$ cat upload-v4.cif   # mmCIF, C-alpha atoms
data_run
loop_
_atom_site.group_PDB
_atom_site.id
_atom_site.type_symbol
_atom_site.label_atom_id
_atom_site.label_comp_id
_atom_site.auth_asym_id
_atom_site.auth_seq_id
_atom_site.Cartn_x
_atom_site.Cartn_y
_atom_site.Cartn_z
ATOM 1 C CA MET A 113 114.882 90.082 117.572
ATOM 2 C CA GLU A 114 117.472 92.490 118.780
ATOM 3 C CA ALA A 115 117.355 95.919 120.413
ATOM 4 C CA VAL A 116 119.258 98.666 118.632
ATOM 5 C CA ALA A 117 120.117 101.968 120.266
ATOM 6 C CA GLN A 118 118.604 104.714 118.170
ATOM 7 C CA GLN A 119 118.553 108.372 119.097
ATOM 8 C CA ILE A 120 115.687 109.353 116.812
ATOM 9 C CA PRO A 121 112.390 109.854 118.655
ATOM 10 C CA LEU A 122 109.313 108.063 117.323
ATOM 11 C CA GLU A 123 107.580 111.415 116.767
ATOM 12 C CA HIS A 124 110.036 112.339 114.016
ATOM 13 C CA PHE A 125 108.874 109.428 111.892
ATOM 14 C CA LEU A 126 105.230 110.185 112.592
ATOM 15 C CA VAL A 127 105.643 113.849 111.640
ATOM 16 C CA LEU A 128 107.412 112.873 108.395
ATOM 17 C CA SER A 129 104.573 110.495 107.615
ATOM 18 C CA ALA A 130 102.000 113.231 108.353
ATOM 19 C CA ILE A 131 103.768 115.628 105.978
ATOM 20 C CA LEU A 132 103.956 113.042 103.183
ATOM 21 C CA PHE A 133 100.299 112.098 103.666
ATOM 22 C CA SER A 134 99.179 115.740 103.488
ATOM 23 C CA LEU A 135 101.216 116.249 100.324
ATOM 24 C CA GLY A 136 99.464 113.216 98.851
ATOM 25 C CA VAL A 137 96.056 114.657 99.811
ATOM 26 C CA TYR A 138 96.972 117.951 98.147
ATOM 27 C CA GLY A 139 98.038 116.108 95.001
ATOM 28 C CA VAL A 140 94.848 114.054 94.851
ATOM 29 C CA LEU A 141 92.721 117.197 95.259
ATOM 30 C CA THR A 142 94.536 119.406 92.742
ATOM 31 C CA ARG A 143 95.855 117.173 89.972
ATOM 32 C CA ARG A 144 93.571 116.612 86.996
ATOM 33 C CA ASN A 145 95.495 113.855 85.240
ATOM 34 C CA ALA A 146 94.518 110.403 86.497
ATOM 35 C CA VAL A 147 98.103 109.091 86.448
ATOM 36 C CA LEU A 148 99.270 111.983 88.620
ATOM 37 C CA ILE A 149 96.407 111.361 91.041
ATOM 38 C CA LEU A 150 97.599 107.763 91.234
ATOM 39 C CA MET A 151 101.124 108.968 92.070
ATOM 40 C CA SER A 152 99.755 111.063 94.925
ATOM 41 C CA VAL A 153 97.868 108.019 96.207
ATOM 42 C CA GLU A 154 101.168 106.108 96.184
ATOM 43 C CA LEU A 155 102.647 108.877 98.340
ATOM 44 C CA MET A 156 99.800 108.486 100.847
ATOM 45 C CA LEU A 157 100.217 104.685 100.940
ATOM 46 C CA ASN A 158 103.920 105.117 101.640
ATOM 47 C CA ALA A 159 103.171 107.532 104.466
ATOM 48 C CA ALA A 160 100.862 104.948 106.024
ATOM 49 C CA SER A 161 103.559 102.268 105.663
ATOM 50 C CA ILE A 162 106.100 104.480 107.442
ATOM 51 C CA ASN A 163 103.644 104.752 110.339
ATOM 52 C CA MET A 164 103.190 100.968 110.519
ATOM 53 C CA VAL A 165 106.907 100.224 110.446
ATOM 54 C CA ALA A 166 107.752 102.970 112.949
ATOM 55 C CA PHE A 167 105.188 101.689 115.451
ATOM 56 C CA ALA A 168 106.455 98.138 114.927
ATOM 57 C CA ALA A 169 110.078 99.124 115.474
ATOM 58 C CA TYR A 170 109.415 101.188 118.592
ATOM 59 C CA ALA A 171 107.114 98.652 120.254
ATOM 60 C CA ALA A 172 108.575 96.897 123.262
ATOM 61 C CA PRO A 173 110.512 93.738 122.276
ATOM 62 C CA GLU A 174 108.168 91.408 124.137
ATOM 63 C CA ARG A 175 105.230 92.660 122.077
ATOM 64 C CA ALA A 176 104.519 91.238 118.665
ATOM 65 C CA VAL A 177 106.820 93.483 116.619
ATOM 66 C CA VAL A 178 106.288 91.501 113.471
ATOM 67 C CA ILE A 179 102.684 92.639 112.945
ATOM 68 C CA GLY A 180 103.666 96.095 111.747
ATOM 69 C CA ILE A 181 106.130 94.716 109.208
ATOM 70 C CA VAL A 182 103.579 92.166 107.939
ATOM 71 C CA PHE A 183 101.076 95.004 107.549
ATOM 72 C CA ALA A 184 103.584 96.985 105.508
ATOM 73 C CA VAL A 185 104.226 93.950 103.272
ATOM 74 C CA PHE A 186 100.498 93.634 102.628
ATOM 75 C CA ILE A 187 100.195 97.370 101.927
ATOM 76 C CA ILE A 188 102.921 97.075 99.291
ATOM 77 C CA THR A 189 101.200 94.020 97.754
ATOM 78 C CA VAL A 190 97.845 95.753 97.545
ATOM 79 C CA ALA A 191 99.482 98.914 96.181
ATOM 80 C CA ALA A 192 101.095 96.903 93.402
ATOM 81 C CA ALA A 193 97.746 95.331 92.489
ATOM 82 C CA GLU A 194 96.077 98.743 92.643
ATOM 83 C CA VAL A 195 98.625 100.380 90.348
ATOM 84 C CA GLY A 196 98.322 97.638 87.735
ATOM 85 C CA LEU A 197 94.550 97.721 87.704
ATOM 86 C CA ALA A 198 94.275 101.528 87.832
ATOM 87 C CA LEU A 199 96.662 101.941 84.919
ATOM 88 C CA ALA A 200 94.646 99.453 82.876
ATOM 89 C CA ILE A 201 91.469 101.431 83.607
ATOM 90 C CA ILE A 202 93.197 104.711 82.742
ATOM 91 C CA LEU A 203 94.395 103.239 79.426
ATOM 92 C CA ARG A 204 90.873 102.032 78.657
ATOM 93 C CA VAL A 205 89.386 105.453 79.496
ATOM 94 C CA PHE A 206 92.010 107.144 77.353
ATOM 95 C CA ARG A 207 91.256 104.836 74.441
ATOM 96 C CA ASN A 208 87.505 105.409 74.693
ATOM 97 C CA ARG A 209 87.434 109.119 75.524
ATOM 98 C CA GLY A 210 90.752 110.429 74.222
ATOM 99 C CA THR A 211 91.673 111.986 77.549
ATOM 100 C CA ALA A 212 93.081 110.974 80.904
ATOM 101 C CA ASN A 213 91.842 114.091 82.703
ATOM 102 C CA VAL A 214 89.408 113.090 85.411
ATOM 103 C CA ASP A 215 87.129 116.135 85.109
ATOM 104 C CA GLU A 216 86.525 115.459 81.428
ATOM 105 C CA VAL A 217 85.277 111.947 82.190
ATOM 106 C CA ASP A 218 81.843 112.968 83.460
ATOM 107 C CA GLN A 219 79.228 110.697 81.889
ATOM 108 C CA LEU A 220 77.884 109.793 85.313
ATOM 109 C CA LYS A 221 77.395 113.454 86.252
ATOM 110 C CA TRP A 222 73.846 114.835 86.000
ATOM 111 C CA MET B 133 122.991 115.730 117.063
ATOM 112 C CA THR B 134 124.096 112.188 116.420
ATOM 113 C CA VAL B 135 124.985 110.658 113.064
ATOM 114 C CA ALA B 136 121.706 108.752 112.936
ATOM 115 C CA GLN B 137 119.756 111.960 113.470
ATOM 116 C CA GLY B 138 121.698 113.730 110.738
ATOM 117 C CA ILE B 139 121.001 110.894 108.306
ATOM 118 C CA PHE B 140 117.336 110.925 109.293
ATOM 119 C CA TYR B 141 116.979 114.647 108.611
ATOM 120 C CA LEU B 142 118.736 114.281 105.267
ATOM 121 C CA ILE B 143 116.499 111.401 104.167
ATOM 122 C CA ALA B 144 113.372 113.111 105.488
ATOM 123 C CA ALA B 145 114.272 116.271 103.540
ATOM 124 C CA LEU B 146 114.713 114.156 100.392
ATOM 125 C CA ALA B 147 111.348 112.468 100.944
ATOM 126 C CA VAL B 148 109.541 115.778 101.458
ATOM 127 C CA ALA B 149 111.303 117.303 98.438
ATOM 128 C CA GLY B 150 110.215 114.318 96.366
ATOM 129 C CA GLY B 151 106.644 114.641 97.607
ATOM 130 C CA LEU B 152 106.597 118.358 96.802
ATOM 131 C CA GLY B 153 107.904 117.578 93.333
ATOM 132 C CA VAL B 154 105.165 115.010 92.780
ATOM 133 C CA VAL B 155 102.356 117.419 93.617
ATOM 134 C CA LEU B 156 103.812 120.682 92.242
ATOM 135 C CA MET B 157 105.798 119.823 89.099
ATOM 136 C CA ARG B 158 104.339 121.077 85.833
ATOM 137 C CA SER B 159 105.948 118.327 83.781
ATOM 138 C CA THR B 160 104.396 114.917 84.339
ATOM 139 C CA VAL B 161 107.631 113.028 83.683
ATOM 140 C CA TYR B 162 109.488 115.157 86.245
ATOM 141 C CA ALA B 163 106.684 114.432 88.719
ATOM 142 C CA ALA B 164 107.204 110.688 88.147
ATOM 143 C CA LEU B 165 110.954 111.052 88.685
ATOM 144 C CA PHE B 166 110.332 112.995 91.913
ATOM 145 C CA LEU B 167 108.040 110.160 92.994
ATOM 146 C CA PHE B 168 110.986 107.810 92.417
ATOM 147 C CA LEU B 169 113.115 110.030 94.703
ATOM 148 C CA ALA B 170 110.441 110.025 97.407
ATOM 149 C CA LEU B 171 110.065 106.233 97.231
ATOM 150 C CA LEU B 172 113.819 105.696 97.540
ATOM 151 C CA ALA B 173 113.891 108.068 100.522
ATOM 152 C CA VAL B 174 111.132 106.013 102.139
ATOM 153 C CA ALA B 175 113.340 102.939 101.613
ATOM 154 C CA GLY B 176 116.053 104.812 103.517
ATOM 155 C CA ILE B 177 113.581 105.480 106.329
ATOM 156 C CA TYR B 178 112.891 101.721 106.481
ATOM 157 C CA ILE B 179 116.623 101.058 106.852
ATOM 158 C CA LEU B 180 116.772 103.589 109.703
ATOM 159 C CA LEU B 181 113.922 101.638 111.303
ATOM 160 C CA ALA B 182 116.027 98.445 110.954
ATOM 161 C CA SER B 183 113.673 96.809 108.397
ATOM 162 C CA GLU B 184 116.107 95.940 105.632
ATOM 163 C CA PHE B 185 113.658 93.511 104.042
ATOM 164 C CA LEU B 186 111.057 96.231 103.536
ATOM 165 C CA ALA B 187 113.708 98.563 102.145
ATOM 166 C CA LEU B 188 114.666 95.937 99.558
ATOM 167 C CA VAL B 189 111.022 95.298 98.678
ATOM 168 C CA GLN B 190 110.415 99.031 98.408
ATOM 169 C CA VAL B 191 113.283 99.543 95.974
ATOM 170 C CA LEU B 192 112.348 96.483 93.901
ATOM 171 C CA ILE B 193 108.575 96.977 93.687
ATOM 172 C CA TYR B 194 108.142 100.726 93.947
ATOM 173 C CA GLY B 195 111.468 101.880 92.559
ATOM 174 C CA GLY B 196 111.468 99.307 89.795
ATOM 175 C CA ALA B 197 108.001 98.172 88.829
ATOM 176 C CA VAL B 198 105.601 100.921 89.907
ATOM 177 C CA THR B 199 107.657 103.845 88.609
ATOM 178 C CA VAL B 200 108.201 102.166 85.247
ATOM 179 C CA LEU B 201 104.477 101.363 84.990
ATOM 180 C CA LEU B 202 103.591 104.978 85.776
ATOM 181 C CA LEU B 203 106.047 106.267 83.178
ATOM 182 C CA PHE B 204 104.552 103.863 80.624
ATOM 183 C CA ALA B 205 101.053 105.111 81.453
ATOM 184 C CA LEU B 206 102.186 108.731 81.109
ATOM 185 C CA MET B 207 103.680 107.922 77.734
ATOM 186 C CA LEU B 208 100.651 105.956 76.479
ATOM 187 C CA THR B 209 98.122 108.588 77.574
ATOM 188 C CA ARG B 210 100.221 111.450 76.169
ATOM 189 C CA ALA B 211 99.775 113.296 79.450
ATOM 190 C CA SER B 212 102.592 115.739 78.805
ATOM 191 C CA ASP B 213 100.831 117.285 75.804
ATOM 192 C CA LEU B 214 98.745 119.617 77.932
ATOM 193 C CA PRO B 215 100.967 120.897 80.747
ATOM 194 C CA GLU B 216 98.855 124.010 81.336
ATOM 195 C CA THR B 217 95.857 121.971 82.457
ATOM 196 C CA MET B 218 97.727 120.014 85.105
ATOM 197 C CA VAL B 219 96.375 121.828 88.150
ATOM 198 C CA GLY B 220 92.675 122.255 88.832
ATOM 199 C CA ALA B 221 91.082 125.548 89.796
ATOM 200 C CA GLN B 222 90.324 124.427 93.338
ATOM 201 C CA TRP B 223 93.957 124.443 94.472
ATOM 202 C CA PRO B 224 93.576 127.101 97.227
ATOM 203 C CA ILE B 225 90.866 125.016 98.913
ATOM 204 C CA ALA B 226 92.981 121.878 98.490
ATOM 205 C CA ALA B 227 96.017 123.634 99.990
ATOM 206 C CA PHE B 228 93.899 124.814 102.934
ATOM 207 C CA VAL B 229 92.463 121.341 103.534
ATOM 208 C CA SER B 230 95.806 119.562 103.337
ATOM 209 C CA LEU B 231 97.548 122.135 105.559
ATOM 210 C CA LEU B 232 94.720 121.757 108.060
ATOM 211 C CA LEU B 233 95.095 117.975 107.950
ATOM 212 C CA MET B 234 98.854 118.244 108.392
ATOM 213 C CA GLY B 235 98.474 120.594 111.353
ATOM 214 C CA LEU B 236 95.918 118.296 112.937
ATOM 215 C CA LEU B 237 98.090 115.196 112.488
ATOM 216 C CA ILE B 238 101.248 116.888 113.778
ATOM 217 C CA ALA B 239 99.389 118.336 116.763
ATOM 218 C CA THR B 240 98.035 114.874 117.575
ATOM 219 C CA VAL B 241 101.514 113.345 117.297
ATOM 220 C CA ALA B 242 103.049 116.077 119.471
ATOM 221 C CA THR B 243 100.466 115.928 122.241
ATOM 222 C CA SER B 244 100.144 112.143 122.490
ATOM 223 C CA ASN B 245 102.198 110.003 124.808
ATOM 224 C CA TRP B 246 103.773 107.216 122.765
ATOM 225 C CA PRO B 247 105.197 104.029 124.260
ATOM 226 C CA GLY B 248 108.880 103.388 123.696
ATOM 227 C CA ASP B 249 109.463 107.116 123.629
ATOM 228 C CA ALA B 250 111.828 107.531 126.513
ATOM 229 C CA ASP B 251 114.617 105.046 125.805
ATOM 230 C CA GLY B 252 114.725 105.672 122.046
ATOM 231 C CA GLN B 253 115.457 101.994 121.381
ATOM 232 C CA ILE B 254 114.112 100.201 118.370
ATOM 233 C CA THR B 255 113.648 96.482 117.943
ATOM 234 C CA ARG B 256 115.249 94.857 114.965
ATOM 235 C CA LEU B 257 113.442 91.980 113.310
ATOM 236 C CA PHE B 258 115.519 89.408 111.470
ATOM 237 C CA PHE B 259 114.637 87.976 108.065
ATOM 238 C CA ASN B 260 114.020 84.465 109.362
ATOM 239 C CA GLU B 261 111.605 85.692 112.036
ATOM 240 C CA LEU B 262 109.667 87.698 109.458
ATOM 241 C CA GLY B 263 109.510 84.734 107.080
ATOM 242 C CA ASP B 264 108.432 82.475 109.900
ATOM 243 C CA ALA B 265 105.603 84.839 110.846
ATOM 244 C CA LEU B 266 104.552 85.462 107.246
ATOM 245 C CA PHE B 267 104.356 81.805 106.221
ATOM 246 C CA ARG B 268 103.006 80.299 109.459
ATOM 247 C CA ARG B 269 100.860 82.681 111.453
ATOM 248 C CA TRP B 270 99.849 84.888 108.513
ATOM 249 C CA ALA B 271 99.866 82.155 105.875
ATOM 250 C CA VAL B 272 96.160 82.510 105.008
ATOM 251 C CA PRO B 273 96.231 86.319 104.591
ATOM 252 C CA PHE B 274 99.422 85.886 102.585
ATOM 253 C CA GLU B 275 97.725 83.458 100.192
ATOM 254 C CA ILE B 276 94.701 85.745 99.916
ATOM 255 C CA ALA B 277 97.003 88.658 99.072
ATOM 256 C CA SER B 278 98.649 86.524 96.380
ATOM 257 C CA LEU B 279 95.232 85.715 94.953
ATOM 258 C CA VAL B 280 94.238 89.408 95.002
ATOM 259 C CA LEU B 281 97.412 90.283 93.120
ATOM 260 C CA LEU B 282 96.848 87.516 90.567
ATOM 261 C CA VAL B 283 93.210 88.440 89.947
ATOM 262 C CA ALA B 284 94.030 92.156 89.743
ATOM 263 C CA LEU B 285 96.795 91.617 87.205
ATOM 264 C CA VAL B 286 94.756 89.223 85.054
ATOM 265 C CA GLY B 287 91.929 91.767 85.160
ATOM 266 C CA ALA B 288 94.352 94.512 84.207
ATOM 267 C CA ILE B 289 95.514 92.549 81.173
ATOM 268 C CA ILE B 290 91.920 91.911 80.078
ATOM 269 C CA LEU B 291 90.977 95.584 80.549
ATOM 270 C CA ALA B 292 93.986 96.964 78.726
ATOM 271 C CA ARG B 293 93.861 94.471 75.851
ATOM 272 C CA GLN B 294 93.173 95.864 72.427
ATOM 273 C CA GLU B 295 89.962 94.326 71.205
ATOM 274 C CA GLU B 296 89.191 93.512 67.599
ATOM 275 C CA GLY B 297 87.582 96.300 65.653
ATOM 276 C CA GLU B 298 88.987 99.035 67.908
#
$ encode --input "upload-v4.cif" --output "structure tokens"
Amino acid sequence: MEAVAQQIPLEHFLVLSAILFSLGVYGVLTRRNAVLILMSVELMLNAASINMVAFAAYAAPERAVVIGIVFAVFIITVAAAEVGLALAIILRVFRNRGTANVDEVDQLKW
Amino acid sequence: MTVAQGIFYLIAALAVAGGLGVVLMRSTVYAALFLFLALLAVAGIYILLASEFLALVQVLIYGGAVTVLLLFALMLTRASDLPETMVGAQWPIAAFVSLLLMGLLIATVATSNWPGDADGQITRLFFNELGDALFRRWAVPFEIASLVLLVALVGAIILARQEEGE
């Protein structure tokens, strides 16, 4: 490990992550196409990863810096699995219902 | 303003522009390309945080695999046929909620006292230390994550497979 002089305060990264996360929330709430909702979820996952890595980088060197990076690696792994599975489900829904719009897939609504 | 700060603001502006494109673009393909921009900007943020490994992984997995998968899904579901139905009717409520969330998060960040704030120094982690941690101390979670990925992808293939008589 090595200390690097960096003149960017930690808050800058956290504020960027907050903005990206809120954009993702807006996308999830407004988009109707399932693939676009998935893209907004990716945005939120990335915002969370930025938080993890920023906290890891700014932690004191004697602390376990590596945890944040390992967390980010696992987030990326799970996101990859999630994208593959979600796209398969979306394809299946599209094949069965002829649409990928989430508010037209409402068999469970009563 | 130092060079690092200038680069940070540039990359942050790119990331936010990409995010805005993802949630606001009428065309689905443009939204996917803006997502690509945002993901590359996040890779730049990782480099600024001295995590080159994560930046590489971000470009490879998100920039390469995830974006291509999303574009394939857009193509296969013919999402761009109906551009006028892209945005639901509840967008003012959604905008209010997400602005409220953003204000809350930024207020929390601004009023909290974070460690490592004063000196502005970041700790750089080398590749070999990360590999050492990942394959020794976190070896079991790593294997479980591999298994999750394997099972998810096999399941995805089974779900997406064209069955006979369809």
$ closest_residue --input "upload-v4.cif" --among "A:Tyr138, A:Phe133, A:Phe183, A:Tyr170" --to "Leu180 (chain B)" --atoms "all atoms listed in the file"
A:Tyr170
$ resolve_selection --input "upload-v4.cif" --expression "the PyMOL selection byres ((chain A and resi 189-201) around 9)" --output "MDAnalysis selection string"
(chainID A and resid 146:147 150 154 157 184:188 202:206) or (chainID B and resid 193:194 197:198 201:202 205 277:278 280:293)
$ write_last_selection --input "upload-v4.cif" --atoms "C-alpha atoms" --output "PDB file, keeping the file's coordinate frame"
ATOM      1  CA  ALA A 146      94.518 110.403  86.497  1.00  0.00           C
ATOM      2  CA  VAL A 147      98.103 109.091  86.448  1.00  0.00           C
ATOM      3  CA  LEU A 150      97.599 107.763  91.234  1.00  0.00           C
ATOM      4  CA  GLU A 154     101.168 106.108  96.184  1.00  0.00           C
ATOM      5  CA  LEU A 157     100.217 104.685 100.940  1.00  0.00           C
ATOM      6  CA  ALA A 184     103.584  96.985 105.508  1.00  0.00           C
ATOM      7  CA  VAL A 185     104.226  93.950 103.272  1.00  0.00           C
ATOM      8  CA  PHE A 186     100.498  93.634 102.628  1.00  0.00           C
ATOM      9  CA  ILE A 187     100.195  97.370 101.927  1.00  0.00           C
ATOM     10  CA  ILE A 188     102.921  97.075  99.291  1.00  0.00           C
ATOM     11  CA  ILE A 202      93.197 104.711  82.742  1.00  0.00           C
ATOM     12  CA  LEU A 203      94.395 103.239  79.426  1.00  0.00           C
ATOM     13  CA  ARG A 204      90.873 102.032  78.657  1.00  0.00           C
ATOM     14  CA  VAL A 205      89.386 105.453  79.496  1.00  0.00           C
ATOM     15  CA  PHE A 206      92.010 107.144  77.353  1.00  0.00           C
TER      16      PHE A 206
ATOM     17  CA  ILE B 193     108.575  96.977  93.687  1.00  0.00           C
ATOM     18  CA  TYR B 194     108.142 100.726  93.947  1.00  0.00           C
ATOM     19  CA  ALA B 197     108.001  98.172  88.829  1.00  0.00           C
ATOM     20  CA  VAL B 198     105.601 100.921  89.907  1.00  0.00           C
ATOM     21  CA  LEU B 201     104.477 101.363  84.990  1.00  0.00           C
ATOM     22  CA  LEU B 202     103.591 104.978  85.776  1.00  0.00           C
ATOM     23  CA  ALA B 205     101.053 105.111  81.453  1.00  0.00           C
ATOM     24  CA  ALA B 277      97.003  88.658  99.072  1.00  0.00           C
ATOM     25  CA  SER B 278      98.649  86.524  96.380  1.00  0.00           C
ATOM     26  CA  VAL B 280      94.238  89.408  95.002  1.00  0.00           C
ATOM     27  CA  LEU B 281      97.412  90.283  93.120  1.00  0.00           C
ATOM     28  CA  LEU B 282      96.848  87.516  90.567  1.00  0.00           C
ATOM     29  CA  VAL B 283      93.210  88.440  89.947  1.00  0.00           C
ATOM     30  CA  ALA B 284      94.030  92.156  89.743  1.00  0.00           C
ATOM     31  CA  LEU B 285      96.795  91.617  87.205  1.00  0.00           C
ATOM     32  CA  VAL B 286      94.756  89.223  85.054  1.00  0.00           C
ATOM     33  CA  GLY B 287      91.929  91.767  85.160  1.00  0.00           C
ATOM     34  CA  ALA B 288      94.352  94.512  84.207  1.00  0.00           C
ATOM     35  CA  ILE B 289      95.514  92.549  81.173  1.00  0.00           C
ATOM     36  CA  ILE B 290      91.920  91.911  80.078  1.00  0.00           C
ATOM     37  CA  LEU B 291      90.977  95.584  80.549  1.00  0.00           C
ATOM     38  CA  ALA B 292      93.986  96.964  78.726  1.00  0.00           C
ATOM     39  CA  ARG B 293      93.861  94.471  75.851  1.00  0.00           C
TER      40      ARG B 293
END
$ atom_distance --input "upload-v4.cif" --atom1 "CA of Val127 (chain A)" --atom2 "CA of Leu237 (chain B)"
7.7 Å
$ resolve_selection --input "upload-v4.cif" --expression "the PyMOL selection byres ((chain B and resi 266) around 12)" --output "PyMOL selection string"
(chain A and resi 178-186) or (chain B and resi 259-265+267-275+277)
$ atom_distance --input "upload-v4.cif" --atom1 "CA of Leu233 (chain B)" --atom2 "CA of Val154 (chain B)"
18.4 Å
$ atom_distance --input "upload-v4.cif" --atom1 "CA of Thr211 (chain A)" --atom2 "CA of Phe168 (chain B)"
24.7 Å
$ resolve_selection --input "upload-v4.cif" --expression "the PyMOL selection byres ((chain B and resi 188-190) around 10)" --output "list of chain:residue names"
A:Asn158, A:Val185, A:Ile188, A:Thr189, B:Leu171, B:Leu172, B:Ala173, B:Val174, B:Ala175, B:Gly176, B:Tyr178, B:Ile179, B:Ser183, B:Glu184, B:Phe185, B:Leu186, B:Ala187, B:Val191, B:Leu192, B:Ile193, B:Tyr194, B:Gly195, B:Gly196, B:Ala197, B:Val198
$ closest_residue --input "upload-v4.cif" --among "B:Leu232, B:Ile254, B:Val200, B:Leu279" --to "chain A" --atoms "all atoms listed in the file"
B:Ile254
$ closest_residue --input "upload-v4.cif" --among "A:Leu148, A:Lys221, A:Leu128, A:Asn208" --to "Gln294 (chain B)" --atoms "all atoms listed in the file"
A:Asn208
$ closest_residue --input "upload-v4.cif" --among "B:Ser244, B:Ser159, B:Ser230, B:Thr199" --to "chain A" --atoms "only C-alpha atoms"
B:Ser230
